[in-house]
>>> print(open('input_33.txt').read())   # compact mmCIF, C-alpha atoms
# COMPACT_ATOMS: atom_id res chain seq x y z
CA MET A 1321 0.00 0.00 0.00
CA ILE A 1322 2.62 2.55 1.07
CA GLY A 1323 5.02 1.34 -1.63
CA GLY A 1324 2.35 1.85 -4.31
CA LEU A 1325 1.62 5.34 -3.03
CA ILE A 1326 5.30 6.25 -3.08
CA PHE A 1327 5.59 4.80 -6.60
CA TRP A 1328 2.75 7.02 -7.88
CA ILE A 1329 4.12 10.10 -6.14
CA ILE A 1330 7.49 9.53 -7.84
CA VAL A 1331 5.88 8.81 -11.22
CA GLY A 1332 3.64 11.87 -10.80
CA ALA A 1333 6.54 14.14 -9.89
CA VAL A 1334 8.69 13.01 -12.84
CA ALA A 1335 5.80 13.06 -15.33
CA GLY A 1336 4.62 16.46 -14.11
CA PHE A 1337 8.15 17.83 -14.36
CA LEU A 1338 8.56 16.50 -17.91
CA ALA A 1339 5.15 17.83 -18.98
CA GLU A 1340 6.03 21.19 -17.42
CA LYS A 1341 9.16 21.37 -19.56
CA ILE A 1342 7.43 20.15 -22.73
CA MET A 1343 4.55 22.62 -22.37
CA LYS A 1344 6.78 25.43 -21.07
CA ALA A 1345 4.65 25.83 -17.94
CA ASP A 1346 5.86 27.03 -14.56
CA MET A 1347 4.56 24.93 -11.66
CA GLY A 1348 5.95 23.80 -8.35
CA ILE A 1349 6.69 20.26 -7.22
CA GLY A 1350 3.26 19.92 -5.61
CA MET A 1351 1.43 20.78 -8.82
CA ASN A 1352 3.86 18.58 -10.78
CA ILE A 1353 2.82 15.62 -8.64
CA VAL A 1354 -0.89 16.37 -9.00
CA ILE A 1355 -0.64 16.99 -12.76
CA GLY A 1356 1.48 13.83 -13.15
CA ILE A 1357 -0.94 11.60 -11.22
CA VAL A 1358 -4.00 12.96 -13.04
CA GLY A 1359 -1.98 12.65 -16.24
CA ALA A 1360 -1.36 8.99 -15.44
CA LEU A 1361 -5.10 8.40 -15.37
CA ILE A 1362 -5.64 10.28 -18.63
CA GLY A 1363 -2.63 8.64 -20.29
CA GLY A 1364 -3.71 5.19 -19.15
CA PHE A 1365 -7.13 5.77 -20.66
CA LEU A 1366 -5.69 7.04 -23.95
CA VAL A 1367 -3.13 4.24 -24.22
CA GLY A 1368 -5.86 1.71 -23.46
CA LEU A 1369 -7.95 3.10 -26.31
CA VAL A 1370 -5.24 2.25 -28.82
CA GLY A 1371 -4.76 -1.24 -27.40
CA PHE A 1372 -1.48 -1.11 -25.47
CA ASP A 1373 -1.35 -3.02 -22.22
CA ASP A 1374 -0.34 -1.43 -18.95
CA ASP A 1375 2.41 -3.81 -17.81
CA GLY A 1376 5.52 -1.86 -18.76
CA GLY A 1377 7.18 -1.00 -15.47
CA LEU A 1378 8.50 2.33 -14.22
CA ILE A 1379 9.66 3.83 -17.51
CA TRP A 1380 6.41 2.92 -19.28
CA SER A 1381 4.40 4.40 -16.38
CA ILE A 1382 6.38 7.65 -16.58
CA LEU A 1383 5.92 7.86 -20.36
CA VAL A 1384 2.17 7.21 -20.17
CA ALA A 1385 1.74 9.65 -17.27
CA THR A 1386 3.76 12.29 -19.15
CA LEU A 1387 1.57 11.83 -22.23
CA GLY A 1388 -1.54 12.30 -20.11
CA ALA A 1389 -0.06 15.28 -18.28
CA VAL A 1390 0.81 17.00 -21.57
CA VAL A 1391 -2.74 16.41 -22.82
CA LEU A 1392 -4.10 17.78 -19.54
CA LEU A 1393 -1.94 20.92 -19.67
CA TRP A 1394 -2.84 21.44 -23.33
CA ALA A 1395 -6.56 21.19 -22.51
CA VAL A 1396 -6.22 23.59 -19.56
CA ASN A 1397 -4.37 26.09 -21.78
CA LYS A 1398 -7.08 25.86 -24.46
CA PHE A 1399 -9.78 26.38 -21.83
CA LYS A 1400 -7.95 29.43 -20.45
CA GLU A 1401 -7.55 30.89 -23.96
CA ARG A 1402 -11.22 30.37 -24.69
CA SER A 1403 -12.27 31.93 -21.37
CA ALA A 1404 -10.01 34.95 -21.92
CA VAL A 1405 -11.58 35.66 -25.32
CA ARG A 1406 -15.06 36.00 -23.89
>>> encode(input="input_33.txt", output="structure tokens")
Amino acid sequence: MIGGLIFWIIVGAVAGFLAEKIMKADMGIGMNIVIGIVGALIGGFLVGLVGFDDDGGLIWSILVATLGAVVLLWAVNKFKERSAVR
């Protein structure tokens, strides 16, 4: 239980950090973890849609979570742009 929680915190932090750099955002470590964990859920869903399995280990988890985090940050940016126009 605790080991799994620590695993997801580490994956979330790394994925959030990578997504932050890819999307040129500026967030702290706390938001990186949150964005990375939510990104893992989004990425897992998206990867599942195209038929990949989820048994890839740490590196695969980080890649999938980063994909989801980038999609999440992109969607948030689009929502902000749309709200600012109105």
>>> residues_around(input="input_33.txt", residues="segment 1342-1358 of chain A", least_positions_apart="6", cutoff="6 Å", atoms="all atoms listed in the file", output="number ranges by chain")
A: 1332-1333, 1335-1336, 1385, 1389
>>> atom_distance(input="input_33.txt", atom1="atom CA of Leu1383 of chain A", atom2="atom CA of Gly1324 of chain A")
17.5 Å
>>> atom_distance(input="input_33.txt", atom1="atom CA of Ile1362 of chain A", atom2="atom CA of Val1390 of chain A")
9.8 Å
>>> atom_distance(input="input_33.txt", atom1="atom CA of Gly1363 of chain A", atom2="atom CA of Leu1387 of chain A")
5.6 Å
>>> closest_residue(input="input_33.txt", among="A:Ala1339, A:Val1396, A:Val1405, A:Trp1328", to="Leu1378 of chain A", atoms="only C-alpha atoms")
A:Trp1328
